[in-house]
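Everything on this sheet refers to the single structure shown next.
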Amino acid sequence: MSDHSGHTAEHPVAHPGYGTFIGIWLLLLLLTAGLVSLSHLGQTAAVWGLLILTPLKAGLVFYYFMHLKYEGPLFKIVLLVTLGTLLIFFALLFSDVAFR
Amino acid sequence: MSGHVHRDDLGSRLGMWLFLVTEMVLFGGLFIGYSYMRHRYPAEFHHGGGELNATLGIINTIVLLTSSLTVVLAIVAVQRAEKKRAMAFLWTTLGLGCTFLVIKGFEWSAKFHHGLYPNAPHLATLPPGEQVFFGLYFTMTGLHGLHVIVGLSVLAVLLYWVATDRIRQDRYIHLENGGLYWHLVDVIWIFLLPLFYLAA
């Protein structure tokens, strides 16, 4: 067995149980209900819902369901560099649009 | 050398994550394109969003979120050597994934009946902004749907591997990586719901 096998039977770590994930799922459903409710309150509320609740939902899936919480810093850096790159492209596009 | 099995679960997960970030860049480009077009055609996107069935979009969100839960619960079950429970969770995931596709099929069929499909004569009579809206709608939900089909195929293989003990308590990296892919498909849908179905 390689020493670099991550969390295996030889290198046990405390795995989260069923309850943790069911709790996150309930929270995700609650946030979805919030998002839908905000979309009925008007355009401004809908945009704020989109900008805050949607990344929050995605973050919960990344952090808990995709086990990012239990990974080392390298995985988090890979994700942040990717999202940062997309954000830079987004900013560059809209800085161009704004000054046309 | 007999008995020595080289395994690098950390490297395997890192490789999967590197693949997933390429998927994020693929969809990210489409999301940036969407943002620009929505900025350019706000009224048309608002009207286009009103043409979509928000209820079906919300139901599909609940279906995918629940399927994400059942995948992660299947991993917990394998970690606890609860094989039957893990298989039941994976069967549920497959069922929910198929439900998502059936609902999407009904939704697309309704659009086709109303003359809303790529290159349709009726679509060509709509304002340019609405043509762009439906072009992005079919491209992004279609590409996402393809990912759902790929994810279901992978999960079906993983279910077989759990059944045949290739995936078990001391060796479940394939299930973790397959689960990561399925969760990403879920994350993409989390963004598609407000951008299209709640746009009105």
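Quick note on naming: the chains in the structure tokens go A, B, ... in the order shown, residues restart at 1 in each chain, and ligands are numbered from 1 in order of appearance.
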
Notebook entry, point to check: Any idea what's packed within 9 Å of B:Met24, counting only C-alpha atoms, ignoring anything in its chain fewer than 2 positions away? Could you give it as a PyMOL selection string?
Noted result: (chain A and resi 82-83+86) or (chain B and resi 19-22+26-29+184+188)

Next item on the list: Considering only C-alpha atoms, return as a count of residues only whatever protein or nucleic-acid residues lie within 8 Å of A:Gly49, sequence-local ones (same chain, fewer than 5 positions apart) excluded.
Entry: 5

Item checked: Residue nearest B:Lys83 - candidates B:Arg166, B:Lys104, B:His6, B:His183, atoms counted: only C-alpha atoms ->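 Of B:Arg166, B:Lys104, B:His6, B:His183, the one nearest B:Lys83 is B:Arg166, counting only C-alpha atoms.
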
Check: Contacts of B:Gly49 at 8 Å or less, counting only C-alpha atoms, minus same-chain residues fewer than 5 places along, as a ChimeraX atom specification?
Finding: /B:196-200

Next, write the just-selected residues to a file, as a tab-separated table (two decimals), in the first residue's frame, keeping N, CA and C atoms as the atom set.
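result_10.tsv was written with the following content:
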```
chain	number	residue	atom	x	y	z
B	196	PHE	N	-32.38	31.00	-15.69
B	196	PHE	CA	-33.39	30.80	-16.73
B	196	PHE	C	-34.81	30.79	-16.16
B	197	TYR	N	-35.07	29.89	-15.21
B	197	TYR	CA	-36.46	29.67	-14.78
B	197	TYR	C	-36.99	30.79	-13.90
B	198	LEU	N	-36.11	31.44	-13.14
B	198	LEU	CA	-36.57	32.51	-12.26
B	198	LEU	C	-36.23	33.89	-12.84
B	199	ALA	N	-35.84	33.91	-14.13
B	199	ALA	CA	-35.41	35.17	-14.76
B	199	ALA	C	-36.57	36.15	-14.93
B	200	ALA	N	-37.80	35.61	-14.93
B	200	ALA	CA	-38.95	36.50	-15.12
B	200	ALA	C	-39.43	37.06	-13.80
```

Margin query: I need the residue nearest B:Val72 from this list: A:Leu56, A:Ala14, A:Ala45, A:Val61. Use only C-alpha atoms for the distance.
Written below: A:Val61

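If you measure from each of B:Val63, B:Met87, B:Ile173, B:Ala124 to B:Gly11 using only C-alpha atoms, the closest one turns out to be B:Ile173.
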
Note to self: Excluding A:Gly23 and its own-chain neighbours fewer than 3 positions away, which residues fall within 12 Å of it when counting only C-alpha atoms? Please give them as a VMD selection string.
What the structure shows: (chain A and resid 16 to 20 26 to 30 60 to 61 64 to 65) or (chain B and resid 66 69 73)

Written file, previous selection with C-alpha atoms, as a PDB file, in the first residue's frame:
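Output file again-v8.pdb is given in full below:
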```pdb
ATOM      1  CA  PRO A  16     -19.140  12.439   8.711  1.00  0.00           C
ATOM      2  CA  GLY A  17     -22.312  10.395   9.232  1.00  0.00           C
ATOM      3  CA  TYR A  18     -25.691  10.314   7.494  1.00  0.00           C
ATOM      4  CA  GLY A  19     -27.084  13.082   9.708  1.00  0.00           C
ATOM      5  CA  THR A  20     -24.568  15.742   8.614  1.00  0.00           C
ATOM      6  CA  LEU A  26     -32.483  20.284   4.257  1.00  0.00           C
ATOM      7  CA  LEU A  27     -30.552  23.562   4.327  1.00  0.00           C
ATOM      8  CA  LEU A  28     -30.179  23.423   0.514  1.00  0.00           C
ATOM      9  CA  LEU A  29     -33.954  22.908   0.141  1.00  0.00           C
ATOM     10  CA  LEU A  30     -34.565  25.834   2.504  1.00  0.00           C
ATOM     11  CA  LEU A  60     -22.473  23.978   0.586  1.00  0.00           C
ATOM     12  CA  VAL A  61     -22.391  21.301  -2.137  1.00  0.00           C
ATOM     13  CA  TYR A  64     -19.871  19.116   2.320  1.00  0.00           C
ATOM     14  CA  PHE A  65     -21.193  16.873  -0.484  1.00  0.00           C
TER      15      PHE A  65
ATOM     16  CA  THR B  66     -31.885  14.851  -3.444  1.00  0.00           C
ATOM     17  CA  LEU B  69     -27.677  13.567  -1.146  1.00  0.00           C
ATOM     18  CA  LEU B  73     -25.083   8.745   1.580  1.00  0.00           C
TER      19      LEU B  73
END
```

Note to self: Give me, as a count of residues only, the residues of chain B that a backbone DSSP run labels alpha helix (DSSP H).
What the structure shows: 159

Which residues of chain B come within 6 Å of chain A, and what is each one's closest atom pair and distance in Å (one decimal), counting only C-alpha atoms, sorted by chain and residue number, as JSON lines?
```
{"residue": "B:Val5", "atom": "CA", "partner": "A:Met1", "partner_atom": "CA", "distance": 5.4}
{"residue": "B:His6", "atom": "CA", "partner": "A:Ser2", "partner_atom": "CA", "distance": 5.4}
{"residue": "B:Arg7", "atom": "CA", "partner": "A:Ser2", "partner_atom": "CA", "distance": 5.5}
{"residue": "B:Asp8", "atom": "CA", "partner": "A:Ser5", "partner_atom": "CA", "distance": 4.2}
{"residue": "B:Asp9", "atom": "CA", "partner": "A:Ser5", "partner_atom": "CA", "distance": 4.5}
{"residue": "B:Leu10", "atom": "CA", "partner": "A:Gly6", "partner_atom": "CA", "distance": 4.7}
{"residue": "B:Asp170", "atom": "CA", "partner": "A:Ala9", "partner_atom": "CA", "distance": 5.2}
{"residue": "B:Leu180", "atom": "CA", "partner": "A:Met66", "partner_atom": "CA", "distance": 5.7}
{"residue": "B:Val187", "atom": "CA", "partner": "A:Ala58", "partner_atom": "CA", "distance": 5.4}
```

Margin query: Quick one: residues within 9 Å of B:Leu96, only C-alpha atoms, excluding same-chain residues fewer than 2 positions away - as an MDAnalysis selection string?
Written below: chainID B and resid 63:64 66:67 91:94 98:101
